[in-house]
$ cat query21.cif   # mmCIF, C-alpha atoms and all ligand atoms
data_start
#
loop_
_atom_site.label_atom_id
_atom_site.label_comp_id
_atom_site.auth_asym_id
_atom_site.auth_seq_id
_atom_site.Cartn_x
_atom_site.Cartn_y
_atom_site.Cartn_z
CA MET K 1 0.00 0.00 0.00
CA SER K 2 1.31 3.48 -0.80
CA PRO K 3 2.51 5.55 2.19
CA TRP K 4 -0.10 8.22 1.32
CA LYS K 5 -2.96 5.71 1.34
CA ARG K 6 -1.64 4.22 4.53
CA LEU K 7 -1.45 7.59 6.27
CA ASN K 8 -5.04 8.33 5.25
CA GLN K 9 -6.10 4.96 6.56
CA GLU K 10 -4.36 5.46 9.89
CA LEU K 11 -5.90 8.89 10.29
CA GLY K 12 -9.32 7.47 9.48
CA PHE K 13 -9.91 9.60 6.36
CA GLY K 14 -11.73 8.31 3.36
CA GLY K 15 -14.93 6.64 4.54
CA GLU K 16 -15.20 3.60 6.78
CA GLU K 17 -13.25 3.33 10.01
CA LYS K 18 -10.00 1.41 9.61
CA PRO K 19 -8.05 -0.30 12.35
CA PHE K 20 -4.96 1.49 13.55
CA ILE K 21 -1.95 -0.76 13.15
CA PRO K 22 1.41 0.66 14.18
CA ARG K 23 4.29 0.26 11.76
CA GLU K 24 6.80 -0.61 14.43
CA THR K 25 6.93 -1.70 18.03
CA ASN K 26 9.43 -2.72 20.69
CA PHE K 27 7.53 -5.88 21.62
CA LEU K 28 5.20 -7.83 19.37
CA ILE K 29 3.06 -10.47 21.07
CA VAL K 30 1.32 -13.08 18.93
CA GLY K 31 -1.85 -14.32 20.67
CA GLY K 32 -4.06 -12.35 23.04
CA GLY K 33 -5.14 -15.14 25.42
CA LEU K 34 -4.29 -15.04 29.12
CA VAL K 35 -0.58 -15.67 28.48
CA GLY K 36 -0.23 -12.98 25.79
CA MET K 37 -2.33 -10.43 27.67
CA SER K 38 -0.53 -10.89 30.98
CA LEU K 39 2.86 -10.71 29.26
CA ALA K 40 1.75 -7.47 27.55
CA TYR K 41 0.61 -6.07 30.90
CA TRP K 42 3.92 -6.80 32.61
CA LEU K 43 6.09 -5.59 29.72
CA LYS K 44 4.20 -2.31 29.63
CA ALA K 45 4.10 -1.90 33.40
CA TYR K 46 7.85 -2.50 33.74
CA SER K 47 8.79 -0.36 30.77
CA ASN K 48 6.67 2.52 32.10
CA LYS K 49 8.43 2.20 35.44
CA TYR K 50 12.04 1.67 34.37
CA SER K 51 12.90 2.24 30.75
CA GLY K 52 10.28 4.68 29.59
CA GLN K 53 7.32 3.95 27.39
CA SER K 54 8.22 0.96 25.26
CA LYS K 55 5.62 0.15 22.65
CA VAL K 56 3.75 -3.14 23.05
CA VAL K 57 1.51 -4.64 20.36
CA VAL K 58 -0.68 -7.73 20.79
CA VAL K 59 -2.01 -9.46 17.66
CA GLU K 60 -5.16 -11.51 18.20
CA ARG K 61 -7.06 -13.02 15.29
CA ASP K 62 -10.23 -13.94 17.20
CA PRO K 63 -11.51 -11.10 19.41
CA SER K 64 -14.41 -13.29 20.57
CA TYR K 65 -11.96 -15.99 21.75
CA THR K 66 -14.16 -18.86 20.55
CA ARG K 67 -11.28 -21.37 20.44
CA ALA K 68 -8.84 -19.95 22.98
CA SER K 69 -7.93 -22.34 25.81
CA SER K 70 -8.02 -19.41 28.22
CA VAL K 71 -11.80 -19.06 28.05
CA LEU K 72 -12.56 -22.75 27.47
CA SER K 73 -10.62 -23.80 30.57
CA CYS K 74 -11.91 -24.66 34.05
CA GLY K 75 -10.26 -21.57 35.54
CA GLY K 76 -8.67 -23.67 38.27
CA LEU K 77 -5.78 -22.24 40.28
CA ARG K 78 -3.77 -24.82 42.18
CA HIS K 79 -0.47 -24.82 44.04
CA GLN K 80 -0.16 -28.59 43.98
CA PHE K 81 2.42 -29.31 41.29
CA SER K 82 5.56 -31.44 41.20
CA LEU K 83 7.60 -28.74 39.44
CA ALA K 84 8.90 -25.85 41.55
CA GLU K 85 8.38 -23.27 38.78
CA ASN K 86 4.71 -24.20 38.43
CA ILE K 87 4.19 -23.82 42.17
CA GLN K 88 5.85 -20.40 42.18
CA LEU K 89 3.88 -19.20 39.15
CA SER K 90 0.60 -20.32 40.68
CA MET K 91 1.37 -18.87 44.10
CA TYR K 92 2.07 -15.57 42.40
CA THR K 93 -1.26 -15.80 40.56
CA THR K 94 -3.00 -16.02 43.94
CA GLU K 95 -1.12 -12.91 45.07
CA PHE K 96 -2.03 -11.13 41.83
CA LEU K 97 -5.72 -11.95 42.30
CA GLN K 98 -5.60 -10.73 45.90
CA GLU K 99 -4.22 -7.41 44.63
CA ILE K 100 -6.28 -7.35 41.45
CA LYS K 101 -7.65 -3.89 42.19
CA GLU K 102 -4.13 -2.45 42.32
CA HIS K 103 -3.17 -4.16 39.09
CA LEU K 104 -6.23 -3.98 36.89
CA SER K 105 -8.38 -1.06 38.09
CA ILE K 106 -8.96 1.63 35.50
CA LEU K 107 -11.56 3.92 36.98
CA GLY K 108 -11.37 3.13 40.69
CA GLU K 109 -14.63 2.18 42.42
CA ASN K 110 -16.20 -1.21 41.56
CA ASP K 111 -13.49 -1.78 39.06
CA PRO K 112 -12.09 -4.15 37.84
CA PRO K 113 -15.11 -6.43 37.63
CA ASP K 114 -15.28 -9.34 40.03
CA VAL K 115 -13.56 -12.39 38.48
CA GLN K 116 -15.70 -14.67 40.68
CA PHE K 117 -12.85 -16.23 42.60
CA ASN K 118 -14.02 -19.23 44.64
CA HIS K 119 -11.69 -19.99 47.53
CA GLN K 120 -11.64 -23.78 47.60
CA GLY K 121 -8.70 -26.14 47.70
CA TYR K 122 -7.89 -28.89 45.25
CA LEU K 123 -8.23 -32.37 46.71
CA PHE K 124 -6.01 -35.06 45.14
CA LEU K 125 -6.58 -38.67 46.17
CA GLU K 126 -4.03 -41.49 45.95
CA GLY K 127 -4.04 -45.23 46.63
CA PRO K 128 -1.47 -47.07 48.82
CA GLU K 129 1.09 -47.47 46.01
CA LYS K 130 1.46 -43.71 45.42
CA ALA K 131 0.88 -42.51 49.00
CA GLU K 132 4.59 -42.05 49.74
CA LYS K 133 5.12 -40.07 46.53
CA LEU K 134 2.20 -37.76 47.31
CA ALA K 135 3.50 -37.19 50.86
CA LYS K 136 6.92 -36.16 49.49
CA MET K 137 5.32 -33.81 47.00
CA VAL K 138 3.19 -32.15 49.68
CA ASP K 139 6.33 -31.70 51.76
CA MET K 140 8.07 -29.96 48.86
CA GLN K 141 5.02 -27.75 48.14
CA ASN K 142 4.80 -26.67 51.79
CA GLN K 143 8.54 -25.93 51.90
CA MET K 144 7.96 -23.55 49.01
CA GLY K 145 5.31 -21.70 50.98
CA ALA K 146 2.14 -23.40 49.74
CA LYS K 147 -0.45 -24.41 52.34
CA ILE K 148 -1.29 -28.04 51.61
CA ARG K 149 -2.49 -30.62 54.13
CA LEU K 150 -1.91 -34.32 53.82
CA LEU K 151 -5.02 -36.19 54.98
CA THR K 152 -5.17 -39.81 56.06
CA LYS K 153 -8.08 -42.01 55.09
CA SER K 154 -9.86 -41.40 58.40
CA GLN K 155 -9.31 -37.63 58.15
CA LEU K 156 -10.69 -37.72 54.60
CA LYS K 157 -13.73 -39.64 55.83
CA GLU K 158 -14.38 -37.06 58.51
CA LYS K 159 -13.95 -34.00 56.28
CA PHE K 160 -15.55 -35.36 53.11
CA PRO K 161 -18.08 -38.03 54.22
CA TRP K 162 -19.63 -38.16 50.73
CA ILE K 163 -16.45 -39.56 49.07
CA ASN K 164 -16.20 -43.26 48.25
CA LEU K 165 -12.77 -44.06 49.72
CA GLU K 166 -12.37 -47.54 48.32
CA ASN K 167 -8.71 -47.97 47.17
CA VAL K 168 -7.85 -44.55 48.61
CA GLU K 169 -5.04 -44.25 51.15
CA VAL K 170 -4.28 -40.56 51.34
CA GLY K 171 -5.33 -37.14 50.05
CA SER K 172 -3.69 -33.74 49.64
CA TYR K 173 -5.89 -30.72 50.21
CA GLY K 174 -5.10 -27.05 49.56
CA ILE K 175 -6.11 -25.03 52.60
CA GLN K 176 -5.15 -21.58 51.35
CA GLY K 177 -4.67 -19.79 48.03
CA GLU K 178 -6.25 -22.36 45.72
CA GLY K 179 -9.61 -22.10 43.97
CA TRP K 180 -11.12 -21.21 40.63
CA PHE K 181 -12.29 -18.09 38.82
CA ASP K 182 -14.13 -17.10 35.66
CA PRO K 183 -11.32 -17.08 33.06
CA TYR K 184 -13.36 -15.05 30.56
CA LEU K 185 -13.89 -12.24 33.09
CA PHE K 186 -10.20 -12.33 34.02
CA LEU K 187 -9.20 -12.05 30.37
CA ARG K 188 -11.62 -9.13 29.82
CA CYS K 189 -10.12 -7.29 32.83
CA LEU K 190 -6.60 -7.71 31.45
CA TYR K 191 -7.76 -6.71 27.98
CA GLN K 192 -9.39 -3.48 29.20
CA LYS K 193 -6.43 -2.62 31.42
CA ASN K 194 -4.00 -3.17 28.57
CA LEU K 195 -6.00 -0.84 26.34
CA ALA K 196 -5.95 1.76 29.11
CA LEU K 197 -2.16 1.38 29.42
CA GLY K 198 -1.79 2.24 25.75
CA ILE K 199 -1.05 -1.24 24.45
CA ASP K 200 -2.17 -1.68 20.84
CA ILE K 201 -4.39 -4.72 20.46
CA VAL K 202 -4.60 -5.50 16.78
CA HIS K 203 -7.37 -7.78 15.52
CA GLY K 204 -5.73 -9.73 12.77
CA GLU K 205 -3.79 -12.87 12.01
CA LEU K 206 -0.04 -13.11 12.08
CA ASP K 207 0.52 -14.30 8.55
CA ARG K 208 4.28 -14.42 8.13
CA PHE K 209 7.51 -12.99 9.42
CA GLU K 210 10.00 -10.72 7.73
CA PHE K 211 13.70 -11.55 7.88
CA GLN K 212 16.86 -9.58 7.18
CA PRO K 213 20.41 -10.81 6.73
CA GLY K 214 22.03 -11.05 10.16
CA PRO K 215 25.54 -11.83 11.46
CA LEU K 216 27.33 -15.03 10.33
CA GLY K 217 25.10 -15.30 7.29
CA LYS K 218 22.05 -16.16 9.39
CA ASP K 219 18.76 -14.41 8.74
CA ARG K 220 17.40 -12.31 11.59
CA LEU K 221 13.70 -11.76 12.26
CA SER K 222 12.93 -8.09 11.70
CA GLY K 223 9.16 -7.86 11.65
CA ALA K 224 5.87 -9.48 10.77
CA TYR K 225 2.91 -9.20 8.44
CA ILE K 226 -0.57 -9.13 9.87
CA LYS K 227 -3.69 -9.91 7.87
CA THR K 228 -6.83 -8.09 8.96
CA ASN K 229 -10.43 -9.18 8.29
CA ASP K 230 -10.70 -6.90 5.26
CA GLY K 231 -7.99 -8.98 3.59
CA GLN K 232 -5.33 -6.26 3.92
CA GLU K 233 -1.79 -7.11 4.92
CA HIS K 234 0.05 -4.79 7.30
CA GLY K 235 3.78 -4.84 7.93
CA ILE K 236 5.05 -4.17 11.44
CA LYS K 237 8.71 -3.92 12.42
CA SER K 238 9.85 -5.58 15.64
CA THR K 239 12.91 -7.56 16.52
CA LEU K 240 11.36 -8.99 19.67
CA VAL K 241 8.42 -11.28 19.02
CA PHE K 242 6.74 -13.39 21.71
CA ASN K 243 4.97 -16.57 20.71
CA CYS K 244 1.83 -16.73 22.90
CA ALA K 245 -0.36 -18.51 20.39
CA GLY K 246 -1.29 -21.38 22.74
CA SER K 247 -2.36 -24.44 20.75
CA TRP K 248 -1.15 -22.74 17.57
CA ALA K 249 2.31 -21.89 18.94
CA ARG K 250 3.86 -24.62 16.79
CA GLU K 251 2.59 -22.94 13.61
CA ILE K 252 4.08 -19.62 14.68
CA ALA K 253 7.39 -21.35 15.47
CA MET K 254 7.41 -22.87 11.99
CA LYS K 255 6.78 -19.47 10.41
CA ALA K 256 9.72 -18.10 12.40
CA ASN K 257 11.95 -20.95 11.14
CA LEU K 258 12.51 -22.06 14.72
CA CYS K 259 12.18 -25.75 14.05
CA SER K 260 12.50 -28.17 11.22
CA LYS K 261 9.77 -29.94 9.23
CA ASP K 262 6.48 -30.16 11.16
CA CYS K 263 7.81 -28.93 14.53
CA SER K 264 6.65 -32.17 16.15
CA ASP K 265 9.37 -31.81 18.79
CA PHE K 266 8.34 -28.25 19.69
CA ALA K 267 7.68 -27.80 23.43
CA VAL K 268 4.05 -26.66 23.05
CA GLN K 269 1.73 -29.12 21.31
CA PRO K 270 -2.08 -28.97 21.03
CA ARG K 271 -4.06 -31.38 23.21
CA LYS K 272 -7.83 -31.63 23.06
CA ARG K 273 -9.67 -32.01 26.38
CA TYR K 274 -13.42 -32.42 27.00
CA VAL K 275 -15.22 -30.65 29.83
CA TYR K 276 -18.75 -31.83 30.71
CA THR K 277 -21.46 -30.24 32.83
CA PHE K 278 -23.76 -32.23 35.07
CA HIS K 279 -26.52 -31.39 37.51
CA CYS K 280 -26.49 -33.01 40.94
CA PRO K 281 -28.87 -31.24 43.36
CA ASP K 282 -27.82 -33.50 46.28
CA GLY K 283 -24.10 -33.14 45.59
CA PRO K 284 -21.50 -31.85 48.08
CA GLY K 285 -22.46 -28.21 47.36
CA ILE K 286 -20.54 -25.25 48.70
CA GLU K 287 -18.00 -27.38 50.59
CA SER K 288 -16.99 -29.15 47.40
CA PRO K 289 -13.24 -28.96 46.68
CA PHE K 290 -11.72 -29.10 43.18
CA PHE K 291 -11.77 -32.88 43.35
CA VAL K 292 -9.28 -35.13 41.52
CA ASP K 293 -9.54 -38.89 42.11
CA THR K 294 -6.86 -41.59 41.83
CA THR K 295 -7.52 -42.02 38.09
CA GLY K 296 -7.30 -38.30 37.26
CA VAL K 297 -11.06 -37.80 36.87
CA TYR K 298 -11.90 -34.36 38.23
CA PHE K 299 -14.93 -32.23 39.02
CA ARG K 300 -15.66 -28.89 40.59
CA ARG K 301 -18.75 -26.92 41.54
CA GLU K 302 -20.07 -24.43 38.96
CA GLY K 303 -22.11 -21.82 40.81
CA LEU K 304 -24.47 -22.69 43.64
CA GLY K 305 -27.36 -24.29 41.76
CA GLY K 306 -26.19 -27.90 42.00
CA ASN K 307 -24.21 -27.76 38.76
CA TYR K 308 -20.73 -29.21 38.35
CA ILE K 309 -18.15 -29.47 35.59
CA CYS K 310 -15.92 -32.49 35.15
CA GLY K 311 -13.40 -34.15 32.87
CA ALA K 312 -10.38 -36.41 32.62
CA SER K 313 -7.25 -36.67 30.53
CA PRO K 314 -7.49 -39.46 27.96
CA SER K 315 -5.14 -42.42 28.18
CA LYS K 316 -1.88 -42.24 26.20
CA ASP K 317 -3.21 -44.52 23.46
CA TYR K 318 -6.32 -42.35 22.94
CA GLU K 319 -5.27 -38.79 22.14
CA PRO K 320 -8.22 -37.22 20.26
CA PRO K 321 -7.44 -35.16 17.14
CA SER K 322 -7.32 -31.47 17.97
CA ASP K 323 -8.36 -29.97 14.64
CA ASP K 324 -11.95 -29.25 15.75
CA LEU K 325 -13.75 -28.65 19.03
CA SER K 326 -16.40 -31.37 18.72
CA VAL K 327 -17.14 -33.25 21.95
CA ASP K 328 -17.01 -37.02 22.36
CA TYR K 329 -19.94 -37.75 24.71
CA LYS K 330 -19.04 -41.45 24.88
CA PHE K 331 -15.86 -40.49 26.72
CA PHE K 332 -18.06 -39.16 29.56
CA GLU K 333 -20.08 -42.39 29.75
CA GLU K 334 -16.93 -44.51 29.89
C1 LIG K 401 -10.43 -27.89 28.68
C2 LIG K 401 -9.28 -27.17 29.34
C3 LIG K 401 -9.31 -26.95 30.72
C4 LIG K 401 -8.24 -26.30 31.34
N1 LIG K 401 -8.31 -26.05 32.68
C5 LIG K 401 -7.31 -25.38 33.28
C6 LIG K 401 -7.38 -25.07 34.66
O1 LIG K 401 -8.36 -25.40 35.35
N2 LIG K 401 -6.36 -24.39 35.22
C7 LIG K 401 -5.26 -23.99 34.47
O2 LIG K 401 -4.34 -23.37 35.03
N3 LIG K 401 -5.17 -24.27 33.16
C8 LIG K 401 -6.17 -24.94 32.55
N4 LIG K 401 -6.08 -25.22 31.22
C9 LIG K 401 -4.89 -24.76 30.48
C10 LIG K 401 -5.01 -23.26 30.19
O3 LIG K 401 -6.30 -22.96 29.70
C11 LIG K 401 -3.97 -22.86 29.16
O4 LIG K 401 -2.69 -23.25 29.58
C12 LIG K 401 -3.94 -21.34 28.96
O5 LIG K 401 -5.23 -20.80 28.84
C13 LIG K 401 -3.14 -21.04 27.72
O6 LIG K 401 -3.30 -19.67 27.45
P1 LIG K 401 -2.69 -19.07 26.13
O7 LIG K 401 -2.88 -17.60 26.18
O8 LIG K 401 -1.32 -19.62 25.93
O9 LIG K 401 -3.55 -19.75 24.95
P2 LIG K 401 -4.97 -19.34 24.35
O10 LIG K 401 -5.91 -18.90 25.40
O11 LIG K 401 -5.41 -20.48 23.48
O12 LIG K 401 -4.63 -18.09 23.46
C14 LIG K 401 -3.91 -18.18 22.26
C15 LIG K 401 -4.45 -17.12 21.34
O13 LIG K 401 -3.59 -17.02 20.20
C16 LIG K 401 -4.39 -16.65 19.11
N5 LIG K 401 -3.67 -16.97 17.87
C17 LIG K 401 -3.23 -18.18 17.46
N6 LIG K 401 -2.60 -18.09 16.29
C18 LIG K 401 -2.64 -16.78 15.93
C19 LIG K 401 -2.15 -16.04 14.80
N7 LIG K 401 -1.50 -16.64 13.78
N8 LIG K 401 -2.37 -14.71 14.76
C20 LIG K 401 -3.03 -14.07 15.77
N9 LIG K 401 -3.52 -14.72 16.85
C21 LIG K 401 -3.32 -16.06 16.94
C22 LIG K 401 -5.67 -17.47 19.29
O14 LIG K 401 -6.77 -16.91 18.59
C23 LIG K 401 -5.84 -17.43 20.81
O15 LIG K 401 -6.76 -16.44 21.23
C24 LIG K 401 -7.13 -25.86 30.57
C25 LIG K 401 -7.11 -26.08 29.19
C26 LIG K 401 -8.17 -26.71 28.58
C27 LIG K 401 -8.14 -26.91 27.07
#

$ encode --input "query21.cif" --output "structure tokens"
Amino acid sequence: MSPWKRLNQELGFGGEEKPFIPRETNFLIVGGGLVGMSLAYWLKAYSNKYSGQSKVVVVERDPSYTRASSVLSCGGLRHQFSLAENIQLSMYTTEFLQEIKEHLSILGENDPPDVQFNHQGYLFLEGPEKAEKLAKMVDMQNQMGAKIRLLTKSQLKEKFPWINLENVEVGSYGIQGEGWFDPYLFLRCLYQKNLALGIDIVHGELDRFEFQPGPLGKDRLSGAYIKTNDGQEHGIKSTLVFNCAGSWAREIAMKANLCSKDCSDFAVQPRKRYVYTFHCPDGPGIESPFFVDTTGVYFRREGLGGNYICGASPSKDYEPPSDDLSVDYKFFEE
């Protein structure tokens, strides 16, 4: 597009309103789910504080987030992990949610909207063969500052009399900091705050990258091309690009020449998971933890009307194809 046409477009002259897409930025983030939006927030917040007004652009192709994991997820926040980094990240998320007003308020009063955080621990159950392993893990989690209680079978029976404890030896229960929230509301809060901070959120698809000759004969990434809904392609210069495309991260990595062939060894791979809703008016109700049994089947309360959501990870030999979001209802019955 000619520079003159482009200037007119950016200034909004010449008829219909056109999206403003900057021509260059310090940080370009591909994917505006929870990972991309929180990264944008922190980059902007830190640059405002220390280095002075770096430009941050987020490219998101689906502003209604119909397929983003962030809004399709269960919104669970747990501190019970086996990896130290995951525990630290999650403990910080609890802190962030406790201070959400400081972080995400825009106008002050009644703002940001309530993300519907439910304070309820996760409850993991294990049989005799994995009891020792669970006890060690709880020890490690508590040493890192998490508040997890190891419960014997009789303690489980007392606290959760509705659980069938056949083949169960021990349970680990989060007594502080764990729970679940509405991930869509959380994403909207971050989105609005990022707009208020001056982050450019571009609705378009990252189509391809631009490269320039770099040192030692290796090409260096110098920018990207974004396709908007009207079919236009917009170039944007940035040497720092963050791949926050979730299930599509592999495709972005391929476009950036970061891996060979089909990128099947790339660290982030798509996995399809089903979440089902069921109604159980006589269920455990408000005292219900985020329950995970010895087989990995989980459920949690959804509101206070006797509704629950549940799911399970499929076995290794049944990994459903992730190219569409259709639900296998037989998996629930099994
Ligand atoms: C069923 C389910 C339940 C889950 N439950 C939990 C839970 O309880 N607790 C928990 O911690 N985690 C849970 N997770 C995992 C969690 O949801 C994800 O780890 C997290 O949401 C990933 O966020 P993201 O921003 O990386 O990805 P996403 O939210 O998927 O965002 C990626 C974005 O990138 C955009 N994008 C992709 N390609 C392009 C492109 N070329 N150009 C522009 N934009 C692009 C997409 O449109 C999308 O909006 C669950 C996941 C699933 C599927």

$ closest_residue --input "query21.cif" --among "K:Pro183, K:Pro161, K:Pro284, K:Gly306" --to "ligand LIG 401 (chain K)" --atoms "all atoms listed in the file"
K:Pro183

$ residues_around --input "query21.cif" --residues "Gly127 (chain K)" --least-positions-apart "5" --cutoff "8 Å" --atoms "all atoms listed in the file" --output "PyMOL selection string"
chain K and resi 167-170+294

$ write_last_selection --input "query21.cif" --atoms "C-alpha atoms" --output "short mmCIF file (atom, residue, chain, number, x, y, z; two decimals), in the frame of the given file"
data_model
loop_
_atom_site.label_atom_id
_atom_site.label_comp_id
_atom_site.auth_asym_id
_atom_site.auth_seq_id
_atom_site.Cartn_x
_atom_site.Cartn_y
_atom_site.Cartn_z
CA ASN K 167 -8.71 -47.97 47.17
CA VAL K 168 -7.85 -44.55 48.61
CA GLU K 169 -5.04 -44.25 51.15
CA VAL K 170 -4.28 -40.56 51.34
CA THR K 294 -6.86 -41.59 41.83
#

$ residues_near_ligand --input "query21.cif" --ligand "ligand LIG 401 (chain K)" --cutoff "6 Å" --atoms "all atoms listed in the file" --output "ChimeraX atom specification"
/K:30-36,59-62,65,68-70,72-77,204-206,244-248,273-275

$ atom_distance --input "query21.cif" --atom1 "CA of His203 (chain K)" --atom2 "CA of Phe117 (chain K)"
28.9 Å

$ closest_residue --input "query21.cif" --among "K:Met254, K:Leu185, K:Leu156, K:Leu89" --to "Asp114 (chain K)" --atoms "only C-alpha atoms"
K:Leu185

$ atom_distance --input "query21.cif" --atom1 "CA of Met91 (chain K)" --atom2 "CA of Asp200 (chain K)"
29.1 Å

$ closest_residue --input "query21.cif" --among "K:Cys189, K:Ala312, K:Val56, K:Leu304" --to "Glu287 (chain K)" --atoms "all atoms listed in the file"
K:Leu304

$ residues_around --input "query21.cif" --residues "region 138-146 of chain K" --least-positions-apart "4" --cutoff "9 Å" --atoms "all atoms listed in the file" --output "VMD selection string"
chain K and resid 79 to 82 84 87 to 88 91 133 to 134 150 172 174 to 177

$ closest_residue --input "query21.cif" --among "K:Gly231, K:Gly121, K:Gly305, K:Gly171" --to "Phe278 (chain K)" --atoms "all atoms listed in the file"
K:Gly305

$ atom_distance --input "query21.cif" --atom1 "CA of Phe242 (chain K)" --atom2 "CA of Lys44 (chain K)"
13.9 Å

$ closest_residue --input "query21.cif" --among "K:Ser51, K:Thr228, K:Thr66, K:Thr25" --to "Leu325 (chain K)" --atoms "only C-alpha atoms"
K:Thr66

$ residues_around --input "query21.cif" --residues "Phe209 (chain K)" --least-positions-apart "4" --cutoff "8 Å" --atoms "all atoms listed in the file" --output "PyMOL selection string"
chain K and resi 221-225+255-256

$ residues_around --input "query21.cif" --residues "region 212-219 of chain K" --least-positions-apart "5" --cutoff "12 Å" --atoms "all atoms listed in the file" --output "CSV table (one decimal) with C-alpha atoms, in the coordinates of the input"
chain,number,residue,atom,x,y,z
K,224,ALA,CA,5.9,-9.5,10.8
K,237,LYS,CA,8.7,-3.9,12.4
K,238,SER,CA,9.8,-5.6,15.6
K,239,THR,CA,12.9,-7.6,16.5
K,256,ALA,CA,9.7,-18.1,12.4
K,257,ASN,CA,12.0,-21.0,11.1
K,258,LEU,CA,12.5,-22.1,14.7

$ closest_residue --input "query21.cif" --among "K:Lys157, K:Tyr191, K:Gly235, K:Asp324" --to "Phe211 (chain K)" --atoms "all atoms listed in the file"
K:Gly235

$ residues_near_point --input "query21.cif" --point "(-21.3, -41.0, 30.9)" --cutoff "12 Å" --atoms "all atoms listed in the file" --output "mmCIF file with C-alpha atoms, in the coordinates of the input"
data_model
loop_
_atom_site.group_PDB
_atom_site.id
_atom_site.type_symbol
_atom_site.label_atom_id
_atom_site.label_comp_id
_atom_site.auth_asym_id
_atom_site.auth_seq_id
_atom_site.Cartn_x
_atom_site.Cartn_y
_atom_site.Cartn_z
ATOM 1 C CA TYR K 276 -18.750 -31.830 30.710
ATOM 2 C CA THR K 277 -21.460 -30.240 32.830
ATOM 3 C CA PHE K 278 -23.760 -32.230 35.070
ATOM 4 C CA CYS K 310 -15.920 -32.490 35.150
ATOM 5 C CA GLY K 311 -13.400 -34.150 32.870
ATOM 6 C CA ALA K 312 -10.380 -36.410 32.620
ATOM 7 C CA ASP K 328 -17.010 -37.020 22.360
ATOM 8 C CA TYR K 329 -19.940 -37.750 24.710
ATOM 9 C CA LYS K 330 -19.040 -41.450 24.880
ATOM 10 C CA PHE K 331 -15.860 -40.490 26.720
ATOM 11 C CA PHE K 332 -18.060 -39.160 29.560
ATOM 12 C CA GLU K 333 -20.080 -42.390 29.750
ATOM 13 C CA GLU K 334 -16.930 -44.510 29.890
#

$ axis_aligned_box --input "query21.cif" --around "region 188-201 of chain K" --padding-each-side "8 Å" --output "AutoDock Vina command-line options"
--center_x -6.3 --center_y -3.4 --center_z 26.6 --size_x 26.6 --size_y 27.4 --size_z 28.4

$ residues_around --input "query21.cif" --residues "Arg300 (chain K)" --least-positions-apart "3" --cutoff "7 Å" --atoms "all atoms listed in the file" --output "list in words"
Ser288, Pro289, Phe290, Phe291, Tyr308, Ile309 and Cys310 of chain K

$ residues_near_point --input "query21.cif" --point "(6.6, -9.0, 18.4)" --cutoff "6 Å" --atoms "only C-alpha atoms" --output "tab-separated table (two decimals) with C-alpha atoms, in the coordinates of the input"
chain	number	residue	atom	x	y	z
K	27	PHE	CA	7.53	-5.88	21.62
K	28	LEU	CA	5.20	-7.83	19.37
K	29	ILE	CA	3.06	-10.47	21.07
K	238	SER	CA	9.85	-5.58	15.64
K	240	LEU	CA	11.36	-8.99	19.67
K	241	VAL	CA	8.42	-11.28	19.02
K	242	PHE	CA	6.74	-13.39	21.71

$ decode --input "query21.cif" --residues "region 252-259 of chain K" --atoms "N, CA, C and O atoms" --output "PDB file, in the first residue's frame"
ATOM      1  N   ILE K 252       3.329 -20.881  14.643  1.00  0.00           N
ATOM      2  CA  ILE K 252       4.082 -19.616  14.678  1.00  0.00           C
ATOM      3  C   ILE K 252       5.583 -19.931  14.673  1.00  0.00           C
ATOM      4  O   ILE K 252       6.364 -19.277  13.973  1.00  0.00           O
ATOM      5  N   ALA K 253       5.971 -20.961  15.422  1.00  0.00           N
ATOM      6  CA  ALA K 253       7.392 -21.345  15.475  1.00  0.00           C
ATOM      7  C   ALA K 253       7.875 -21.760  14.088  1.00  0.00           C
ATOM      8  O   ALA K 253       8.996 -21.439  13.682  1.00  0.00           O
ATOM      9  N   MET K 254       7.021 -22.454  13.346  1.00  0.00           N
ATOM     10  CA  MET K 254       7.407 -22.873  11.990  1.00  0.00           C
ATOM     11  C   MET K 254       7.597 -21.659  11.089  1.00  0.00           C
ATOM     12  O   MET K 254       8.542 -21.578  10.316  1.00  0.00           O
ATOM     13  N   LYS K 255       6.678 -20.682  11.233  1.00  0.00           N
ATOM     14  CA  LYS K 255       6.784 -19.469  10.410  1.00  0.00           C
ATOM     15  C   LYS K 255       8.060 -18.701  10.732  1.00  0.00           C
ATOM     16  O   LYS K 255       8.606 -17.999   9.894  1.00  0.00           O
ATOM     17  N   ALA K 256       8.508 -18.822  11.986  1.00  0.00           N
ATOM     18  CA  ALA K 256       9.722 -18.097  12.400  1.00  0.00           C
ATOM     19  C   ALA K 256      10.978 -18.922  12.138  1.00  0.00           C
ATOM     20  O   ALA K 256      12.064 -18.545  12.584  1.00  0.00           O
ATOM     21  N   ASN K 257      10.831 -20.038  11.445  1.00  0.00           N
ATOM     22  CA  ASN K 257      11.951 -20.949  11.141  1.00  0.00           C
ATOM     23  C   ASN K 257      12.662 -21.433  12.402  1.00  0.00           C
ATOM     24  O   ASN K 257      13.880 -21.566  12.430  1.00  0.00           O
ATOM     25  N   LEU K 258      11.891 -21.660  13.456  1.00  0.00           N
ATOM     26  CA  LEU K 258      12.506 -22.064  14.720  1.00  0.00           C
ATOM     27  C   LEU K 258      12.664 -23.568  14.846  1.00  0.00           C
ATOM     28  O   LEU K 258      13.295 -24.054  15.772  1.00  0.00           O
ATOM     29  N   CYS K 259      12.010 -24.306  13.968  1.00  0.00           N
ATOM     30  CA  CYS K 259      12.181 -25.755  14.045  1.00  0.00           C
ATOM     31  C   CYS K 259      12.059 -26.340  12.645  1.00  0.00           C
ATOM     32  O   CYS K 259      11.574 -25.691  11.728  1.00  0.00           O
TER      33      CYS K 259
END
